[in-house]
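Chemist: Below you will find the structure I want to go over with you.
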Amino acid sequence: MTTSGATEPVIEFQAVRKEYPDGTVAVGSLDLEVRPHELLALVGPSGCGKSTTLRMVNRLIEPTSGRVLLTGEDVATADPVALRRRIGYVIQHVGLFPHRTVSQNVATVPQLLGWDRRRTRERVGELLELVGLEPSTYARRYPHELSGGERQRVGVARALATDPPVLLMDEPFGAVDPEGRRRLQTEFRRIQQDLGTAVMLVTHDIDEAVHLGDRVAVFSAGGVVEQLDAPVTLLSRPANETVAAFIGTGRAVRLLGLGRLRLEDLGPLGDGGPGTAPTRGSAQTDPAVAGSIELGATLDETLSALAAAGRDRVDVTRSGTLVGHVTAAGLLAALHRLSDGDLTVDTGR
Amino acid sequence: MTYLTLAFAWLNDPLNWSGPDGVVALTVEHLTMSLLAVLLAAAVALPIGIGLGHSGRAARVGTATLMTTNVSRALPTFALLTIFASTGIGFGDRPTVLAAAVFALPVVLATAYSGIRGVDVDVRDAARGMGMSGRRILVQVEVPLAGPMIAAGLRTAAVQVVATIPLAALVGGGGLGRIVVEGFGTQQYGQVIAGGALVAALCLVVEGVLAVGQRVLTPRAVRSLHAA
């Protein structure tokens with residue numbers, strides 16, 4: 001892994017333009033950077049140049065002008081084949097080699113780099129476990145013997161084989177059924193945060209973008225970045241009409257999934273009133289069973305708990321100790337806190 | 001006696017099977033010529049078909065080449081044979097092998113081309129994106145995946161060639177065609193039918209042997225794709 005300064009971007013686009021011979025401008029003039037360890041989601045309608053942008057990083061597409069830097073080095077000066085071996089790459093339909101087993105697929109890049117057999121085998125085992133596929137069950141299977149979600153996991157394992165500093169993902173969960181998709185997204189996010197891999201992820205799904213991204217770039221036709229912000233900012237304060245229209249209605253609902261319950265949102269209940277800034281607790285407790293929720297639970301979990309409670313309030317605990325209760329009004333206040341009270345710019349559709 | 005009975009009688013005569021002009025010797029000769037023709041066709045058609053299929057940019061060139069070679073199939077092989085015979089190539093086995101190779105070429109080329117082109121674009125994209133060179137993609141991904149289709153093309157070509165080689169006898173060449181031509185010459189139509197039956201039987205045997213051979217040689221990985 002290349003060690004770079006903490007602030008130096010891992011990927012940097014400098015005035016990048018891609019114009020096709022027929023005159024189509026896929027990307028006009030793009031400046032964009034992916035910071036170390038972050039997941040940057042590019043989201044936008046189809047044909048907005050987001051995939052083109054992604055594919056210019058590993059030179060599957062060559063820019064017409066401008067520079068793309070990978071950890072400070074101009075990719076145009078690198079040998080494309082060697083460059084791609086340093087960058088993980090995952091696409092929508094995975095593109096697993098159908099004539100190779102799961103373990104052979106995962107071993108693709110190690111093999112290209114000439115790793116010895118033992119090191120490769122150990123690494124493949126590690127990776128399969130990382131993505132939640134038991135090696136003894138899956139290693140010798142062929143791609144056609146797997147479900148869509150399992151294939152996608154293999155695709156991620158294959159892309160991470162040499163622990164690349166950068167991972168490019170083009171609609172990686174697009175071909176997975178909706179139910180499995182959310183689980184895969186959550187698992188992938190955990191893996192990404194554990195490994196600290198910087199990711200550039202392309203999607204047309206705003207939910208996926210705000211769920212996964214540390215920052216989200218909203219693209220419009222011609223590779224124009226309409227807004228580049230953290231998910232909460234994006235949802236609560238869309239920069240303009242285009243972004244607002246793209247996000248569509250339901251911004252408040254999406255914010256529910258991003259915000260977390262804090263002490264200040266609670267109604268008092270004896271001791272432990274509002275005080276010091278709360279730590280982010282885990283939301284492992286199942287609200288429906290426990291009848292209470294943990295401080296730091298997401299707002300949509302809070303809403304579910306409220307709905308399931310059958311009364312107007314739900315107890316909130318911190319590490320098992322009761323710290324207060326939350327009501328529907330408190331939930332609404334939390335939502336307003338997230339968006340600075342500003343949820344009025346909705347498109348009205 | 002009907003011609004069919006005569007054909008049986010001819011086939012049952014051990015004298016017709018042995019000797020330098022016997023069925024056994026002619027069959028060996030027939031197969032050798034067929035093998036040469038298929039090898040010749042494959043030597044020319046496989047590199048072109050695979051190469052065109054591999055280079056995505058040449059899609060238009062590929063289509064054009066396919067059309068040209070397909071149109072060439074309208075050219076009667078017998079006409080080609082006569083043309084060859086009347087030039088420096090001369091009479092006998094050589095022009096026949098050449099003409100049969102020309103005849104087999106389009107099948108081999110077309111199947112190789114479409115086999116390679118038929119490889120899933122996502123598989124190719126992933127291979128490239130992971131840092132496989134063009135040559136490596138060709139050898140490790142495209143050719144194995146196109147293998148069954150290429151093999152099917154070669155099989156079809158082989159059977160067609162075995163069925164075409166009898167024309168050799170018309171220009172003084174060898175092979176099982178001699179039985180037919182000789183039968184016509186001597187008005188022994190039973191022998192003509194016997195010769196025809198032998199060629200047909202040989203075609204079936206060749207097809208069967210190649211099918212089994214292909215099955216045995218196909219790696220489990222590729223075979224499992226088609227079983228699914």
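Ordered as shown in the structure tokens, chains take letters A, B, and onward, while each chain numbers its residues from 1 and ligands are numbered from 1 in the order shown.
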Write out as JSON lines a residue-level contact list of region 126-154 of chain B versus region 40-46 of chain B with cut-off 12 Å: for each qualifying residue the closest pair of atoms and the distance in Å to one decimal, counting only C-alpha atoms, rows sorted by chain and residue number upward.
Modeler:
```
{"residue": "B:Val143", "atom": "CA", "partner": "B:Leu46", "partner_atom": "CA", "distance": 10.8}
{"residue": "B:Ala146", "atom": "CA", "partner": "B:Leu46", "partner_atom": "CA", "distance": 11.7}
{"residue": "B:Gly147", "atom": "CA", "partner": "B:Leu46", "partner_atom": "CA", "distance": 11.4}
{"residue": "B:Met149", "atom": "CA", "partner": "B:Leu46", "partner_atom": "CA", "distance": 11.9}
{"residue": "B:Ile150", "atom": "CA", "partner": "B:Leu46", "partner_atom": "CA", "distance": 8.4}
{"residue": "B:Ala151", "atom": "CA", "partner": "B:Ala42", "partner_atom": "CA", "distance": 10.7}
{"residue": "B:Gly153", "atom": "CA", "partner": "B:Ala42", "partner_atom": "CA", "distance": 9.8}
{"residue": "B:Leu154", "atom": "CA", "partner": "B:Ala42", "partner_atom": "CA", "distance": 7.6}
```
Chemist: Could you write those residues out with C-alpha atoms, as a PDB file, in the first residue's frame?
Modeler:
```pdb
ATOM      1  CA  VAL B 143     -10.355 -18.614 -26.220  1.00  0.00           C
ATOM      2  CA  ALA B 146     -15.176 -19.603 -27.099  1.00  0.00           C
ATOM      3  CA  GLY B 147     -13.639 -23.086 -27.145  1.00  0.00           C
ATOM      4  CA  MET B 149     -18.036 -22.962 -30.315  1.00  0.00           C
ATOM      5  CA  ILE B 150     -14.685 -23.130 -32.115  1.00  0.00           C
ATOM      6  CA  ALA B 151     -14.677 -26.901 -31.651  1.00  0.00           C
ATOM      7  CA  GLY B 153     -17.108 -25.217 -36.086  1.00  0.00           C
ATOM      8  CA  LEU B 154     -14.173 -27.545 -36.649  1.00  0.00           C
TER       9      LEU B 154
END
```
Chemist: Give me, as a list of chain:residue names, all polymer residues having an atom no more than 9 Å from Glu33 (chain A), counting only C-alpha atoms and skipping those fewer than 6 positions away in the same chain.
Modeler: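 My list of contacting residues is A:Pro9, A:Val10, A:Ile11, A:Glu12, A:Phe13, A:Gln14, A:Leu40.
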Chemist: Name the residues in contact with region 191-196 of chain B at a cut-off of 6 Å, using only C-alpha atoms, excluding same-chain residues fewer than 3 positions from it; report them as a list in words.
Modeler: Ala7, Ile179, Val180, Gly183, Gln188 and Val199 of chain B
Chemist: What's around region 51-68 of chain A at 9 Å? Count only C-alpha atoms, leave out sequence neighbours fewer than 4 positions away in its own chain, and write the answer as JSON, numbers by chain.
Modeler: {"A": [11, 12, 13, 14, 15, 16, 17, 18, 19, 20, 26, 27, 29, 30, 42, 46, 47, 72, 73, 74, 75, 76, 80, 81, 83, 84, 87, 89, 168, 169, 170, 171, 200, 201, 202, 203, 223], "B": [125, 128, 129]}
Chemist: Report the residues of region 128-340 of chain A whose backbone DSSP state falls under strand (DSSP E or B), written as a compact mmCIF listing (two decimals) with all heavy atoms, in the first residue's frame.
Modeler:
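Output contents, as saved in out.txt:
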```txt
# COMPACT_ATOMS: atom_id res chain seq x y z
N VAL A 166 -7.11 1.98 -3.64
CA VAL A 166 -8.28 2.58 -4.27
C VAL A 166 -9.16 1.51 -4.89
O VAL A 166 -8.67 0.56 -5.50
CB VAL A 166 -7.87 3.55 -5.40
CG1 VAL A 166 -9.10 4.24 -5.96
CG2 VAL A 166 -6.89 4.58 -4.89
N LEU A 167 -10.46 1.68 -4.72
CA LEU A 167 -11.41 0.74 -5.30
C LEU A 167 -12.40 1.53 -6.16
O LEU A 167 -12.95 2.53 -5.69
CB LEU A 167 -12.14 0.03 -4.15
CG LEU A 167 -13.05 -1.14 -4.43
CD1 LEU A 167 -12.27 -2.23 -5.14
CD2 LEU A 167 -13.61 -1.67 -3.12
N LEU A 168 -12.59 1.09 -7.39
CA LEU A 168 -13.58 1.73 -8.26
C LEU A 168 -14.77 0.80 -8.37
O LEU A 168 -14.62 -0.38 -8.65
CB LEU A 168 -12.99 1.96 -9.66
CG LEU A 168 -11.70 2.77 -9.74
CD1 LEU A 168 -11.22 2.83 -11.20
CD2 LEU A 168 -11.89 4.17 -9.19
N MET A 169 -15.96 1.35 -8.15
CA MET A 169 -17.15 0.50 -8.21
C MET A 169 -18.21 1.16 -9.07
O MET A 169 -18.60 2.29 -8.84
CB MET A 169 -17.71 0.27 -6.80
CG MET A 169 -16.69 -0.25 -5.82
SD MET A 169 -17.43 -0.52 -4.20
CE MET A 169 -17.83 -2.26 -4.28
N ASP A 170 -18.66 0.42 -10.09
CA ASP A 170 -19.66 0.96 -11.00
C ASP A 170 -20.98 0.20 -10.79
O ASP A 170 -21.08 -0.95 -11.20
CB ASP A 170 -19.16 0.81 -12.45
CG ASP A 170 -19.97 1.65 -13.41
OD1 ASP A 170 -21.05 2.13 -13.03
OD2 ASP A 170 -19.51 1.84 -14.56
N ALA A 198 -9.90 3.72 -0.04
CA ALA A 198 -10.63 4.83 -0.63
C ALA A 198 -11.46 4.29 -1.79
O ALA A 198 -10.98 3.47 -2.58
CB ALA A 198 -9.67 5.89 -1.13
N VAL A 199 -12.72 4.69 -1.86
CA VAL A 199 -13.61 4.13 -2.87
C VAL A 199 -14.27 5.23 -3.68
O VAL A 199 -14.72 6.24 -3.13
CB VAL A 199 -14.72 3.27 -2.22
CG1 VAL A 199 -15.68 2.73 -3.27
CG2 VAL A 199 -14.13 2.14 -1.41
N MET A 200 -14.30 5.05 -4.99
CA MET A 200 -15.13 5.89 -5.83
C MET A 200 -16.24 4.98 -6.35
O MET A 200 -15.96 3.97 -7.01
CB MET A 200 -14.31 6.48 -6.98
CG MET A 200 -15.08 7.48 -7.83
SD MET A 200 -14.08 8.05 -9.21
CE MET A 200 -13.87 9.75 -8.75
N LEU A 201 -17.48 5.32 -6.00
CA LEU A 201 -18.60 4.45 -6.31
C LEU A 201 -19.61 5.19 -7.17
O LEU A 201 -20.01 6.31 -6.84
CB LEU A 201 -19.24 3.97 -5.01
CG LEU A 201 -20.45 3.06 -5.10
CD1 LEU A 201 -20.39 2.01 -3.99
CD2 LEU A 201 -21.77 3.81 -4.97
N VAL A 202 -19.98 4.58 -8.28
CA VAL A 202 -20.95 5.18 -9.18
C VAL A 202 -22.31 4.51 -8.98
O VAL A 202 -22.38 3.28 -8.90
CB VAL A 202 -20.50 5.01 -10.65
CG1 VAL A 202 -21.65 5.20 -11.61
CG2 VAL A 202 -19.38 5.98 -10.96
N THR A 203 -23.35 5.29 -8.85
CA THR A 203 -24.69 4.72 -8.72
C THR A 203 -25.71 5.70 -9.27
O THR A 203 -25.44 6.90 -9.38
CB THR A 203 -25.00 4.38 -7.25
OG1 THR A 203 -26.32 3.87 -7.17
CG2 THR A 203 -24.88 5.59 -6.35
N ARG A 215 -19.05 11.28 1.30
CA ARG A 215 -19.48 12.45 0.56
C ARG A 215 -20.18 11.96 -0.70
O ARG A 215 -19.90 10.88 -1.22
CB ARG A 215 -18.28 13.32 0.18
CG ARG A 215 -17.58 13.93 1.41
CD ARG A 215 -16.57 14.97 0.97
NE ARG A 215 -15.57 14.40 0.07
CZ ARG A 215 -14.90 15.13 -0.83
NH1 ARG A 215 -15.13 16.41 -0.96
NH2 ARG A 215 -14.00 14.55 -1.61
N VAL A 216 -21.07 12.78 -1.18
CA VAL A 216 -21.83 12.41 -2.38
C VAL A 216 -21.70 13.54 -3.40
O VAL A 216 -21.88 14.71 -3.05
CB VAL A 216 -23.32 12.20 -2.04
CG1 VAL A 216 -24.11 11.88 -3.31
CG2 VAL A 216 -23.49 11.09 -1.02
N ALA A 217 -21.35 13.17 -4.63
CA ALA A 217 -21.31 14.16 -5.70
C ALA A 217 -22.49 13.91 -6.62
O ALA A 217 -22.63 12.81 -7.16
CB ALA A 217 -20.00 14.04 -6.49
N VAL A 218 -23.35 14.92 -6.75
CA VAL A 218 -24.50 14.78 -7.65
C VAL A 218 -24.11 15.31 -9.01
O VAL A 218 -23.72 16.48 -9.15
CB VAL A 218 -25.72 15.53 -7.11
CG1 VAL A 218 -26.90 15.37 -8.06
CG2 VAL A 218 -26.09 15.02 -5.72
N PHE A 219 -24.18 14.44 -10.02
CA PHE A 219 -23.80 14.80 -11.38
C PHE A 219 -25.03 15.16 -12.20
O PHE A 219 -26.10 14.58 -12.02
CB PHE A 219 -23.10 13.61 -12.07
CG PHE A 219 -21.63 13.53 -11.83
CD1 PHE A 219 -21.14 13.46 -10.54
CD2 PHE A 219 -20.73 13.51 -12.89
CE1 PHE A 219 -19.77 13.37 -10.31
CE2 PHE A 219 -19.36 13.42 -12.66
CZ PHE A 219 -18.88 13.35 -11.37
N SER A 220 -24.85 16.09 -13.14
CA SER A 220 -25.86 16.26 -14.18
C SER A 220 -25.16 16.13 -15.52
O SER A 220 -23.93 16.06 -15.59
CB SER A 220 -26.54 17.61 -14.02
OG SER A 220 -25.62 18.65 -14.24
N VAL A 224 -21.15 17.46 -15.00
CA VAL A 224 -21.14 18.65 -14.15
C VAL A 224 -21.49 18.24 -12.72
O VAL A 224 -22.50 17.57 -12.50
CB VAL A 224 -22.18 19.69 -14.65
CG1 VAL A 224 -22.21 20.91 -13.73
CG2 VAL A 224 -21.86 20.09 -16.08
N VAL A 225 -20.66 18.64 -11.76
CA VAL A 225 -20.96 18.34 -10.36
C VAL A 225 -21.86 19.44 -9.82
O VAL A 225 -21.45 20.58 -9.66
CB VAL A 225 -19.67 18.24 -9.52
CG1 VAL A 225 -20.01 17.97 -8.05
CG2 VAL A 225 -18.79 17.12 -10.05
N GLU A 226 -23.12 19.09 -9.56
CA GLU A 226 -24.08 20.08 -9.07
C GLU A 226 -23.88 20.35 -7.58
O GLU A 226 -24.07 21.46 -7.12
CB GLU A 226 -25.51 19.59 -9.31
CG GLU A 226 -25.87 19.42 -10.79
CD GLU A 226 -26.09 20.75 -11.50
OE1 GLU A 226 -26.25 21.77 -10.81
OE2 GLU A 226 -26.09 20.76 -12.74
N GLN A 227 -23.52 19.32 -6.86
CA GLN A 227 -23.28 19.50 -5.43
C GLN A 227 -22.39 18.38 -4.94
O GLN A 227 -22.51 17.24 -5.37
CB GLN A 227 -24.60 19.49 -4.64
CG GLN A 227 -24.41 19.79 -3.16
CD GLN A 227 -25.72 19.98 -2.42
OE1 GLN A 227 -26.80 19.83 -2.99
NE2 GLN A 227 -25.64 20.34 -1.15
N LEU A 228 -21.48 18.72 -4.03
CA LEU A 228 -20.59 17.73 -3.45
C LEU A 228 -20.56 17.97 -1.96
O LEU A 228 -20.01 18.96 -1.49
CB LEU A 228 -19.18 17.86 -4.05
CG LEU A 228 -18.07 17.00 -3.44
CD1 LEU A 228 -18.42 15.53 -3.47
CD2 LEU A 228 -16.77 17.22 -4.19
N ASP A 229 -21.23 17.09 -1.21
CA ASP A 229 -21.39 17.32 0.21
C ASP A 229 -21.58 16.01 0.95
O ASP A 229 -21.78 14.97 0.33
CB ASP A 229 -22.63 18.21 0.47
CG ASP A 229 -22.26 19.68 0.59
OD1 ASP A 229 -21.29 19.97 1.31
OD2 ASP A 229 -22.95 20.51 -0.05
N ARG A 260 -29.01 10.27 14.02
CA ARG A 260 -29.01 9.40 15.18
C ARG A 260 -29.59 10.12 16.38
O ARG A 260 -29.53 11.35 16.48
CB ARG A 260 -27.59 8.92 15.48
CG ARG A 260 -27.11 7.93 14.43
CD ARG A 260 -25.73 7.42 14.70
NE ARG A 260 -25.33 6.50 13.65
CZ ARG A 260 -25.67 5.22 13.61
NH1 ARG A 260 -26.40 4.71 14.58
NH2 ARG A 260 -25.29 4.44 12.63
N GLY A 267 -36.94 13.42 26.11
CA GLY A 267 -37.67 14.00 27.22
C GLY A 267 -37.07 13.47 28.52
O GLY A 267 -36.54 12.35 28.53
N SER A 292 -37.50 -0.75 24.40
CA SER A 292 -36.74 0.48 24.56
C SER A 292 -35.65 0.51 23.50
O SER A 292 -35.37 -0.53 22.88
CB SER A 292 -36.10 0.52 25.94
OG SER A 292 -35.08 -0.48 26.00
N ILE A 293 -35.09 1.67 23.27
CA ILE A 293 -33.99 1.70 22.31
C ILE A 293 -32.78 2.35 22.93
O ILE A 293 -32.85 3.02 23.95
CB ILE A 293 -34.38 2.44 21.01
CG1 ILE A 293 -34.90 3.83 21.35
CG2 ILE A 293 -35.37 1.65 20.20
CD1 ILE A 293 -35.02 4.70 20.12
N GLU A 294 -31.67 2.12 22.26
CA GLU A 294 -30.39 2.59 22.76
C GLU A 294 -30.14 3.99 22.21
O GLU A 294 -30.49 4.29 21.06
CB GLU A 294 -29.32 1.60 22.27
CG GLU A 294 -27.92 1.83 22.75
CD GLU A 294 -27.67 1.41 24.19
OE1 GLU A 294 -28.53 0.70 24.77
OE2 GLU A 294 -26.63 1.81 24.75
N THR A 298 -30.46 4.94 14.95
CA THR A 298 -30.83 5.82 13.85
C THR A 298 -32.27 6.27 14.05
O THR A 298 -33.06 5.63 14.74
CB THR A 298 -30.70 5.12 12.49
OG1 THR A 298 -31.57 4.00 12.49
CG2 THR A 298 -29.27 4.67 12.23
N ARG A 313 -44.66 7.18 23.64
CA ARG A 313 -43.24 7.36 23.99
C ARG A 313 -42.52 6.02 24.08
O ARG A 313 -43.13 4.97 24.30
CB ARG A 313 -43.13 8.09 25.33
CG ARG A 313 -43.83 7.36 26.48
CD ARG A 313 -43.64 8.10 27.77
NE ARG A 313 -44.15 9.47 27.66
CZ ARG A 313 -43.92 10.40 28.58
NH1 ARG A 313 -43.17 10.12 29.61
NH2 ARG A 313 -44.43 11.60 28.46
N VAL A 314 -41.19 6.10 23.89
CA VAL A 314 -40.35 4.90 24.00
C VAL A 314 -39.18 5.25 24.90
O VAL A 314 -38.61 6.34 24.79
CB VAL A 314 -39.84 4.47 22.60
CG1 VAL A 314 -38.75 3.42 22.73
CG2 VAL A 314 -40.98 3.95 21.76
N ASP A 315 -38.87 4.33 25.80
CA ASP A 315 -37.74 4.57 26.70
C ASP A 315 -36.42 4.47 25.94
O ASP A 315 -36.28 3.67 25.02
CB ASP A 315 -37.75 3.54 27.83
CG ASP A 315 -38.94 3.77 28.76
OD1 ASP A 315 -39.44 4.92 28.78
OD2 ASP A 315 -39.37 2.81 29.43
N VAL A 316 -35.49 5.29 26.38
CA VAL A 316 -34.16 5.27 25.75
C VAL A 316 -33.13 4.91 26.81
O VAL A 316 -33.16 5.44 27.91
CB VAL A 316 -33.83 6.64 25.14
CG1 VAL A 316 -32.45 6.62 24.50
CG2 VAL A 316 -34.89 7.03 24.13
N THR A 317 -32.24 4.01 26.44
CA THR A 317 -31.22 3.57 27.39
C THR A 317 -29.84 3.88 26.84
O THR A 317 -29.65 4.05 25.63
CB THR A 317 -31.30 2.05 27.62
OG1 THR A 317 -31.12 1.41 26.36
CG2 THR A 317 -32.64 1.65 28.20
N ARG A 318 -28.89 3.98 27.77
CA ARG A 318 -27.49 4.03 27.36
C ARG A 318 -26.74 2.98 28.15
O ARG A 318 -26.75 3.02 29.38
CB ARG A 318 -26.91 5.42 27.60
CG ARG A 318 -25.44 5.48 27.21
CD ARG A 318 -24.92 6.85 27.00
NE ARG A 318 -24.99 7.67 28.19
CZ ARG A 318 -24.68 8.98 28.21
NH1 ARG A 318 -24.35 9.58 27.08
NH2 ARG A 318 -24.75 9.66 29.31
N THR A 321 -28.68 1.53 30.96
CA THR A 321 -29.29 2.43 31.93
C THR A 321 -30.29 3.34 31.23
O THR A 321 -30.02 3.86 30.16
CB THR A 321 -28.21 3.33 32.59
OG1 THR A 321 -26.97 2.64 32.56
CG2 THR A 321 -28.62 3.74 33.97
N LEU A 322 -31.43 3.51 31.90
CA LEU A 322 -32.46 4.36 31.34
C LEU A 322 -31.99 5.82 31.38
O LEU A 322 -31.54 6.31 32.43
CB LEU A 322 -33.72 4.20 32.21
CG LEU A 322 -35.07 4.43 31.52
CD1 LEU A 322 -35.24 3.48 30.35
CD2 LEU A 322 -36.19 4.22 32.54
N VAL A 323 -32.05 6.51 30.24
CA VAL A 323 -31.59 7.90 30.26
C VAL A 323 -32.70 8.88 29.88
O VAL A 323 -32.49 10.09 29.87
CB VAL A 323 -30.38 8.13 29.34
CG1 VAL A 323 -29.14 7.46 29.90
CG2 VAL A 323 -30.70 7.65 27.93
N GLY A 324 -33.87 8.39 29.49
CA GLY A 324 -34.94 9.31 29.12
C GLY A 324 -35.92 8.61 28.22
O GLY A 324 -35.94 7.37 28.12
N HIS A 325 -36.77 9.38 27.57
CA HIS A 325 -37.69 8.80 26.61
C HIS A 325 -37.79 9.70 25.39
O HIS A 325 -37.44 10.89 25.43
CB HIS A 325 -39.07 8.61 27.26
CG HIS A 325 -39.77 9.91 27.53
ND1 HIS A 325 -39.73 10.52 28.77
CD2 HIS A 325 -40.49 10.71 26.72
CE1 HIS A 325 -40.41 11.64 28.70
NE2 HIS A 325 -40.88 11.79 27.47
N VAL A 326 -38.23 9.10 24.30
CA VAL A 326 -38.39 9.89 23.09
C VAL A 326 -39.84 9.82 22.64
O VAL A 326 -40.49 8.77 22.74
CB VAL A 326 -37.40 9.43 21.99
CG1 VAL A 326 -37.69 8.01 21.56
CG2 VAL A 326 -37.46 10.37 20.79
N THR A 327 -40.36 10.94 22.18
CA THR A 327 -41.73 11.00 21.67
C THR A 327 -41.69 11.35 20.19
O THR A 327 -40.62 11.65 19.64
CB THR A 327 -42.52 12.10 22.39
OG1 THR A 327 -41.86 13.34 22.13
CG2 THR A 327 -42.59 11.85 23.88
```
Chemist: Please report the interatomic distance between CA of Val119 (chain B) and CA of Leu96 (chain A) in Å with one decimal.
Modeler: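 Taking CA of Val119 (chain B) and CA of Leu96 (chain A), their separation equals 11.9 Å.
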Chemist: In Å, with one decimal, what is the gap from CA of Val156 (chain A) to CA of Glu126 (chain A)?
Modeler: 12.7 Å
Chemist: List every residue of region 46-180 of chain A that DSSP, applied to the backbone of this structure, places in alpha helix (DSSP H), and write the result as a PyMOL selection string.
Modeler: chain A and resi 50-57+80-85+102-106+108-112+117-130+135-138+148-159+178-180
Chemist: Would you work out the distance separating CA of Glu179 (chain A) from CA of Ala252 (chain A), expressed in Å to one decimal?
Modeler: 21.9 Å
Chemist: Contacts of Leu133 (chain A) at 10 Å or less, counting only C-alpha atoms, minus same-chain residues fewer than 5 places along, as JSON, numbers by chain?
Modeler: {"A": [125, 126, 127, 128, 138, 139, 150, 153, 154, 157]}
Chemist: Just want the 10 Å neighbourhood of Gln140 (chain B), counted on only C-alpha atoms, with same-chain residues fewer than 5 positions away dropped. Output as a list in words.
Modeler: Phe97 and His99 of chain A; Ala127, Met132, Arg135 and Leu145 of chain B
Chemist: May I have the residues within 7 Å of Asp93 (chain B) as a PyMOL selection string, using only C-alpha atoms and disregarding those fewer than 6 positions away in the same chain?
Modeler: chain B and resi 168+173-174
Chemist: I need the residues from that last selection saved to file as a PDB file, in the first residue's frame (with N, CA, C and O atoms), if you can.
Modeler:
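Full text of part-v2.pdb as output:
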```pdb
ATOM      1  N   ALA B 168     -12.423 -35.694 -55.411  1.00  0.00           N
ATOM      2  CA  ALA B 168     -11.046 -35.900 -55.849  1.00  0.00           C
ATOM      3  C   ALA B 168     -10.969 -36.904 -56.996  1.00  0.00           C
ATOM      4  O   ALA B 168     -10.186 -36.737 -57.933  1.00  0.00           O
ATOM      5  N   GLY B 173      -7.797 -38.053 -58.363  1.00  0.00           N
ATOM      6  CA  GLY B 173      -7.263 -38.204 -57.009  1.00  0.00           C
ATOM      7  C   GLY B 173      -7.769 -39.485 -56.367  1.00  0.00           C
ATOM      8  O   GLY B 173      -8.492 -40.279 -56.986  1.00  0.00           O
ATOM      9  N   GLY B 174      -7.405 -39.644 -55.079  1.00  0.00           N
ATOM     10  CA  GLY B 174      -7.774 -40.869 -54.396  1.00  0.00           C
ATOM     11  C   GLY B 174      -8.955 -40.680 -53.472  1.00  0.00           C
ATOM     12  O   GLY B 174      -9.773 -39.783 -53.647  1.00  0.00           O
TER      13      GLY B 174
END
```
Chemist: Please determine, counting only C-alpha atoms, which residue among B:Asp21, B:Arg136, B:Ser34, B:Val107 has the shortest atom-to-atom distance to chain A.
Modeler: B:Arg136
